[in-house]
Amino acid sequence: MSLNAFITEETIDGADEGPLAGRTVAVKDNISTEGVRTTCGSEMLEEYVPPYDATVVERLKEAGATVVGKTNMDEFGMGTTTETSAFGPTKNPVDESRVPGGSSGGSAAAVADGQADLALGTDTGGSIRCPAAFCGVVGIKPTYGLVSRYGLVAYANSLEQIGPIAPTVEGAAELLDVLAGPDKRDATTREVERESSYADAADGDVDGLSIGVPTELLDGADDGVLDAFWDVVADLESQGATYHEVNLPSVEHAVQAYYVIAMSEASSNLARFDGVRYGVSGGYEGNWNESFARSREEGFGAEVKRRVLLGTYALSAGYHDKYYAKAQDAREWIKRDFDDAFSEADVLASPTMPVPPFELGESLDDPLQMYLADANTVPVNLANLPAVSVPAGDVDGLPVGLQLVGPKFGEATIVRAASAAE
Amino acid sequence: MTAQALEQRDLTVVIGLEVHVQLETATKIFCGCSTEAADDEEPNTRTCPVCLGLPGALPVLNEAAVEAAVKIGKALDADVAEETRFHRKNYYYPDLPKNFQITQYDAPICSDGTLEIAVEGDRRDVGIQRAHLEEDPGSLQHEGGGIDTADYTLVNYNRAGTPLMEIVTAPDFRGPAEVRQFLAKLEEVLEYLGVFDSTRDGSLRVDANISLVPSEEARADGTIPTDALEAANRTEVKNISSHKGAEKALAYEVTRQKNAVERGRGVEQETRHWDESRGITVSMRSKEEEKDYRYFREADLPPLQVADWKERVPIPELPDARRERFREEYGLDAEAASKLTSTKEVADFFEDVAAEFDPDLAATWVADNLLGELNYRGMEITDVSGRLDEFKRLVELVAAGDITVKNAEEVVLREMLDEGDDPDTVIEREGLGKAAAGEVEGAVEEAIEENPEAVEDYHEGEEGALNYLVGQVMGKTGGSADPGTVNQLLRERLE
């Protein structure tokens, strides 16, 4: 039985030589590929073929990678299970009755199942780390500004980054080495000084590393997940790391703040899909607005419509200050909490997801449960920080992920720590 | 203010403007697409993923647009922000590629400026509340009908992403003529700054808010209190595209509003569309909902620090100051000073000539002769800016008396413009030159000595004798002498 990891299987050859020569890479279907359709898991873009490559795709090709296809995802990245895709859910290769996590579920499943050596995911509120954790692979959400977003179809542009998914920490770091670096087409990218490659940082040396454990990110986690988490912390301790508890008092507002910001930005980012150039179009009676509304009603799935409507509401006159402005305040508090925490720890550790993978269909009827499962991942996006999810044992055979968060542009530190946890 | 309350009262017209000007930058505001002659291109050819708003494309700020904005800020004596900050203005319209416009909201690049205009001889400052940068949408072409009746509408994104400056004035205008003056002045200043091209289609677009307020509400200094303005019903007139059009549209609107008040109907608060071809304003869809643009920060554009740009970015001398200086420095009269500062290029050209020759001579040759001949040919000073040296050579020849004024004006200058030749080439071809004064005088002497009979005939009143002598002189100078000059010299010598 197919896992339904890919929406489009198509080979895009890269350069003959390069650091990724001979490697296959699966690319999430919200990353533009010239001449190969890029659907974002949406009926709206079912036939959209970009005329240009995303910067990361150019970099893959230059590095000699072979792209093997475009992976399934929650529609426009809006989901934690890959079940909101218009192209059907992806199954978790570890247990096909379970979801692979999301929204980069197809990418994580393809890597876990060996259908690709490596994959690109995107992470707006956990969309790389969640499926990496659920499928038992490694995923890195880079610092905002490390990897170009040019060509990434925006869901929430102030929050998201493209990042690697791989079977090993070193593999993910090697891919990150290819992706990272400034791009004149993305004004938010930064030049970052690197002592060595990220791959070289995967040396397993955690002697003297100070690990902070934010107590707030353990609250409400599944017991089995917590057991697996503490086992891996103990293992890191045995390798010379130390740990202590830290506090991130503002993260209690993170999920609300995240969803207000993400949905607000989404309501604007997705406005261009009005049937004129994408999606179902034409032949409607009535004025432009009515035609646009019909097209969007038909082209978008339920979760996308929910988020666009909520985001529109949050930005509207009379509600803007109550929701959007407050969420921005909370984002600032959360950034400050992380700054404080990093004054006393090199990395912060928590379970990536508080629960093991859901049963297929389990969470679809309860969006709130799905949103709350993002509690440990979304603060990282709000604070623009880097984080990795690395396999940390299992609960009854279902994978558990360890999340390690680093300071801004501290990718080498989290790669080093994660390589010791593998 | 109800219609009844306005009846029988002395009314003051109050107008405020939102002026959109396209900035003359080589490339668009957020991508590398050329802005040059975008209107003449095949539709949708001057586009890229960014200005088409393709999924995944990101804007990158063109610093040249910011520089142009800073120049405008300086020229309008406005405050310039310390950093750029952009917002998204969200609304659905088919000419808007992303269905939001990237614009400035809470931190416009320029604020609190003024532009001086002359109203019936009195100088008066018009307040500039703000001026901000934004991207131009694409353009729509309605096929088979008007905006509401077309069979279908075509979208052209060539214009999309052209940098725009939206300049918002205070409600400082008391009549349509003032608006026209302001806009003409604004265009002149912007052209001096080199950031604007008024000849370009769609480069100026004006929305005007206009209302009638009881005259007694005005303060002593002529300003109208905010509550009086808010009490008045105002109409917004859109689709004005020139300073002349603005005067016509607003004159129509003043009459329409006054008539409505006089007939007791009152003025409806609405948006009206200026129909230039019919010369009237027409009501656009009435009962338009209050727009909620859901502004929020554009995260894709980090702020650009421009705190020191106001010092760093130079602007040229502005037209009023230059006119004043021309009068003082070169002793020009008001008309000549005005003509010679009509554009920055004309003024620069004049000063280049005046630097080497007598300013009066330079003024005559640039303001009267050159501009006149250019105008006659539908040419601009910019068409000959590269031929400054040739023009100077012509003036030099005239100043030295090497060529007659008449020949210089009527033959050399015209052929320079028509044939593209330099003055010496024209003079040689037409045989006008280098009959130096001494040479002509020598020839005159010779002719008189060699033709005593003709001299005698002349003294006896035979006019034909003089013509004969002129012919002799012309022959001796190889035809290069000016017959008029020869004629005159002969008469002087023979008297």
# chains A, B, ... in the order shown; residues from 1 in each chain; ligands from 1
>>> interface_residues(of="chain A", to="chain B", cutoff="9 Å", atoms="only C-alpha atoms", output="JSON, numbers by chain")
{"A": [30, 31, 32, 50, 51, 52, 54, 149, 150, 151, 152, 153, 154, 157, 158, 184, 185, 186, 187, 188, 264, 265, 268, 269, 270, 271, 272, 273, 274, 276, 287, 288, 289, 292, 312, 314, 315, 316, 317, 320, 324]}
>>> select_by_dssp(residues="range 180-258 of chain A", states="strand (DSSP E)", output="number ranges by chain")
A: 210-214, 242-246
>>> residues_around(residues="Ser283 in chain B", least_positions_apart="6", cutoff="8 Å", atoms="only C-alpha atoms", output="ChimeraX atom specification")
/B:270-273
>>> residues_around(residues="range 230-233 of chain A", least_positions_apart="2", cutoff="10 Å", atoms="only C-alpha atoms", output="MDAnalysis selection string")
chainID A and resid 211 213 225:228 235:239 241:243 349:351 391:393 402 420:422
>>> select_by_dssp(residues="range 374-422 of chain A", states="helix (DSSP H, G or I)", output="list in words")
Val378, Pro379, Val380, Asn381, Leu382, Glu411, Ala412, Thr413, Ile414, Val415, Arg416, Ala417, Ala418, Ser419, Ala420 and Ala421 of chain A
>>> write_last_selection(atoms="all heavy atoms", output="short mmCIF file (atom, residue, chain, number, x, y, z; two decimals), in the first residue's frame")
data_model
loop_
_atom_site.label_atom_id
_atom_site.label_comp_id
_atom_site.auth_asym_id
_atom_site.auth_seq_id
_atom_site.Cartn_x
_atom_site.Cartn_y
_atom_site.Cartn_z
N VAL A 378 5.31 25.99 18.48
CA VAL A 378 5.03 27.35 18.01
C VAL A 378 5.84 28.45 18.71
O VAL A 378 6.17 29.45 18.07
CB VAL A 378 3.52 27.71 18.04
CG1 VAL A 378 2.74 26.82 17.09
CG2 VAL A 378 2.95 27.64 19.44
N PRO A 379 6.20 28.28 20.00
CA PRO A 379 6.97 29.38 20.61
C PRO A 379 8.27 29.64 19.86
O PRO A 379 8.74 30.79 19.80
CB PRO A 379 7.25 28.88 22.04
CG PRO A 379 6.20 27.85 22.30
CD PRO A 379 5.92 27.21 20.98
N VAL A 380 8.85 28.60 19.30
CA VAL A 380 10.13 28.72 18.59
C VAL A 380 9.96 29.60 17.35
O VAL A 380 10.81 30.45 17.06
CB VAL A 380 10.63 27.31 18.20
CG1 VAL A 380 11.88 27.41 17.34
CG2 VAL A 380 10.89 26.48 19.46
N ASN A 381 8.85 29.43 16.63
CA ASN A 381 8.61 30.27 15.45
C ASN A 381 8.33 31.70 15.85
O ASN A 381 8.79 32.64 15.19
CB ASN A 381 7.43 29.71 14.65
CG ASN A 381 7.68 28.30 14.17
OD1 ASN A 381 7.59 27.35 14.95
ND2 ASN A 381 8.04 28.15 12.90
N LEU A 382 7.59 31.87 16.95
CA LEU A 382 7.29 33.24 17.40
C LEU A 382 8.57 33.97 17.76
O LEU A 382 8.68 35.18 17.58
CB LEU A 382 6.34 33.20 18.60
CG LEU A 382 4.90 32.77 18.29
CD1 LEU A 382 4.14 32.50 19.58
CD2 LEU A 382 4.19 33.85 17.46
N GLU A 411 22.49 27.22 15.06
CA GLU A 411 22.25 25.91 14.44
C GLU A 411 23.34 24.90 14.79
O GLU A 411 23.08 23.72 15.03
CB GLU A 411 22.12 26.06 12.92
CG GLU A 411 20.72 26.38 12.41
CD GLU A 411 20.33 27.85 12.60
OE1 GLU A 411 21.16 28.64 13.10
OE2 GLU A 411 19.18 28.20 12.26
N ALA A 412 24.59 25.37 14.82
CA ALA A 412 25.68 24.42 15.10
C ALA A 412 25.50 23.80 16.48
O ALA A 412 25.75 22.60 16.66
CB ALA A 412 27.03 25.15 14.99
N THR A 413 25.07 24.61 17.44
CA THR A 413 24.90 24.11 18.81
C THR A 413 23.81 23.03 18.88
O THR A 413 24.00 21.99 19.52
CB THR A 413 24.54 25.28 19.74
OG1 THR A 413 25.52 26.31 19.59
CG2 THR A 413 24.48 24.83 21.19
N ILE A 414 22.70 23.28 18.24
CA ILE A 414 21.62 22.28 18.33
C ILE A 414 21.96 21.03 17.51
O ILE A 414 21.57 19.92 17.87
CB ILE A 414 20.24 22.84 17.94
CG1 ILE A 414 20.22 23.41 16.52
CG2 ILE A 414 19.78 23.90 18.95
CD1 ILE A 414 18.81 23.74 16.02
N VAL A 415 22.70 21.22 16.42
CA VAL A 415 23.13 20.05 15.64
C VAL A 415 24.07 19.17 16.49
O VAL A 415 23.94 17.95 16.55
CB VAL A 415 23.82 20.50 14.33
CG1 VAL A 415 24.63 19.36 13.71
CG2 VAL A 415 22.78 21.00 13.33
N ARG A 416 24.99 19.84 17.18
CA ARG A 416 25.96 19.10 18.03
C ARG A 416 25.20 18.33 19.11
O ARG A 416 25.43 17.13 19.31
CB ARG A 416 26.95 20.09 18.63
CG ARG A 416 28.02 19.45 19.51
CD ARG A 416 29.15 20.44 19.81
NE ARG A 416 29.99 20.63 18.64
CZ ARG A 416 30.19 21.78 18.01
NH1 ARG A 416 29.59 22.88 18.45
NH2 ARG A 416 30.96 21.85 16.96
N ALA A 417 24.28 19.02 19.79
CA ALA A 417 23.54 18.37 20.87
C ALA A 417 22.68 17.23 20.34
O ALA A 417 22.62 16.15 20.92
CB ALA A 417 22.68 19.40 21.59
N ALA A 418 22.04 17.50 19.20
CA ALA A 418 21.15 16.47 18.64
C ALA A 418 21.95 15.24 18.21
O ALA A 418 21.48 14.10 18.34
CB ALA A 418 20.38 17.04 17.45
N SER A 419 23.17 15.46 17.71
CA SER A 419 23.96 14.31 17.26
C SER A 419 24.36 13.43 18.43
O SER A 419 24.58 12.22 18.26
CB SER A 419 25.20 14.80 16.49
OG SER A 419 26.10 15.48 17.36
N ALA A 420 24.41 14.02 19.63
CA ALA A 420 24.72 13.20 20.81
C ALA A 420 23.50 12.45 21.31
O ALA A 420 23.62 11.45 22.02
CB ALA A 420 25.26 14.10 21.92
N ALA A 421 22.32 12.95 20.94
CA ALA A 421 21.08 12.32 21.42
C ALA A 421 20.64 11.18 20.54
O ALA A 421 19.80 10.38 20.93
CB ALA A 421 19.97 13.38 21.51
#
>>> decode(residues="range 456-477 of chain B", atoms="N, CA, C and O atoms", output="JSON list (two decimals), in the first residue's frame")
[["chain", "number", "residue", "atom", "x", "y", "z"],
["B", 456, "GLU", "N", 30.23, 106.86, -59.27],
["B", 456, "GLU", "CA", 29.64, 108.10, -59.78],
["B", 456, "GLU", "C", 28.13, 107.94, -60.00],
["B", 456, "GLU", "O", 27.35, 108.80, -59.62],
["B", 457, "ASP", "N", 27.76, 106.82, -60.63],
["B", 457, "ASP", "CA", 26.33, 106.57, -60.86],
["B", 457, "ASP", "C", 25.56, 106.59, -59.54],
["B", 457, "ASP", "O", 24.45, 107.10, -59.45],
["B", 458, "TYR", "N", 26.19, 106.00, -58.55],
["B", 458, "TYR", "CA", 25.51, 105.94, -57.24],
["B", 458, "TYR", "C", 25.26, 107.33, -56.71],
["B", 458, "TYR", "O", 24.16, 107.66, -56.25],
["B", 459, "HIS", "N", 26.31, 108.17, -56.81],
["B", 459, "HIS", "CA", 26.16, 109.52, -56.30],
["B", 459, "HIS", "C", 25.12, 110.29, -57.08],
["B", 459, "HIS", "O", 24.54, 111.24, -56.58],
["B", 460, "GLU", "N", 24.90, 109.85, -58.33],
["B", 460, "GLU", "CA", 23.87, 110.54, -59.12],
["B", 460, "GLU", "C", 22.49, 109.96, -58.87],
["B", 460, "GLU", "O", 21.53, 110.28, -59.56],
["B", 461, "GLY", "N", 22.44, 109.08, -57.90],
["B", 461, "GLY", "CA", 21.11, 108.61, -57.49],
["B", 461, "GLY", "C", 20.66, 107.33, -58.16],
["B", 461, "GLY", "O", 19.49, 106.95, -58.08],
["B", 462, "GLU", "N", 21.56, 106.61, -58.79],
["B", 462, "GLU", "CA", 21.16, 105.37, -59.45],
["B", 462, "GLU", "C", 21.29, 104.19, -58.47],
["B", 462, "GLU", "O", 22.40, 103.75, -58.17],
["B", 463, "GLU", "N", 20.20, 103.73, -57.98],
["B", 463, "GLU", "CA", 20.23, 102.66, -56.96],
["B", 463, "GLU", "C", 20.85, 101.38, -57.51],
["B", 463, "GLU", "O", 21.52, 100.63, -56.81],
["B", 464, "GLY", "N", 20.66, 101.13, -58.80],
["B", 464, "GLY", "CA", 21.20, 99.92, -59.41],
["B", 464, "GLY", "C", 22.71, 99.84, -59.28],
["B", 464, "GLY", "O", 23.29, 98.75, -59.24],
["B", 465, "ALA", "N", 23.37, 101.02, -59.21],
["B", 465, "ALA", "CA", 24.83, 101.05, -59.10],
["B", 465, "ALA", "C", 25.27, 100.39, -57.80],
["B", 465, "ALA", "O", 26.28, 99.68, -57.76],
["B", 466, "LEU", "N", 24.50, 100.62, -56.73],
["B", 466, "LEU", "CA", 24.87, 100.03, -55.44],
["B", 466, "LEU", "C", 24.78, 98.51, -55.52],
["B", 466, "LEU", "O", 25.67, 97.79, -55.04],
["B", 467, "ASN", "N", 23.73, 98.02, -56.15],
["B", 467, "ASN", "CA", 23.60, 96.58, -56.32],
["B", 467, "ASN", "C", 24.78, 95.98, -57.07],
["B", 467, "ASN", "O", 25.27, 94.90, -56.73],
["B", 468, "TYR", "N", 25.23, 96.73, -58.06],
["B", 468, "TYR", "CA", 26.39, 96.27, -58.84],
["B", 468, "TYR", "C", 27.61, 96.16, -57.93],
["B", 468, "TYR", "O", 28.33, 95.16, -57.94],
["B", 469, "LEU", "N", 27.81, 97.21, -57.11],
["B", 469, "LEU", "CA", 28.96, 97.21, -56.20],
["B", 469, "LEU", "C", 28.86, 96.06, -55.19],
["B", 469, "LEU", "O", 29.84, 95.39, -54.87],
["B", 470, "VAL", "N", 27.66, 95.84, -54.67],
["B", 470, "VAL", "CA", 27.46, 94.72, -53.73],
["B", 470, "VAL", "C", 27.86, 93.42, -54.40],
["B", 470, "VAL", "O", 28.59, 92.60, -53.83],
["B", 471, "GLY", "N", 27.45, 93.26, -55.63],
["B", 471, "GLY", "CA", 27.80, 92.05, -56.37],
["B", 471, "GLY", "C", 29.30, 91.89, -56.49],
["B", 471, "GLY", "O", 29.84, 90.78, -56.35],
["B", 472, "GLN", "N", 30.00, 93.00, -56.74],
["B", 472, "GLN", "CA", 31.46, 92.96, -56.84],
["B", 472, "GLN", "C", 32.08, 92.49, -55.52],
["B", 472, "GLN", "O", 32.98, 91.64, -55.51],
["B", 473, "VAL", "N", 31.57, 93.08, -54.42],
["B", 473, "VAL", "CA", 32.11, 92.70, -53.10],
["B", 473, "VAL", "C", 31.85, 91.22, -52.82],
["B", 473, "VAL", "O", 32.72, 90.48, -52.36],
["B", 474, "MET", "N", 30.65, 90.81, -53.13],
["B", 474, "MET", "CA", 30.30, 89.40, -52.88],
["B", 474, "MET", "C", 31.23, 88.49, -53.66],
["B", 474, "MET", "O", 31.68, 87.46, -53.16],
["B", 475, "GLY", "N", 31.51, 88.89, -54.88],
["B", 475, "GLY", "CA", 32.41, 88.09, -55.70],
["B", 475, "GLY", "C", 33.79, 87.99, -55.08],
["B", 475, "GLY", "O", 34.38, 86.92, -55.00],
["B", 476, "LYS", "N", 34.27, 89.13, -54.56],
["B", 476, "LYS", "CA", 35.60, 89.14, -53.96],
["B", 476, "LYS", "C", 35.69, 88.30, -52.69],
["B", 476, "LYS", "O", 36.74, 87.76, -52.36],
["B", 477, "THR", "N", 34.56, 88.22, -51.95],
["B", 477, "THR", "CA", 34.57, 87.44, -50.70],
["B", 477, "THR", "C", 34.09, 86.01, -50.92],
["B", 477, "THR", "O", 33.82, 85.28, -49.97]]
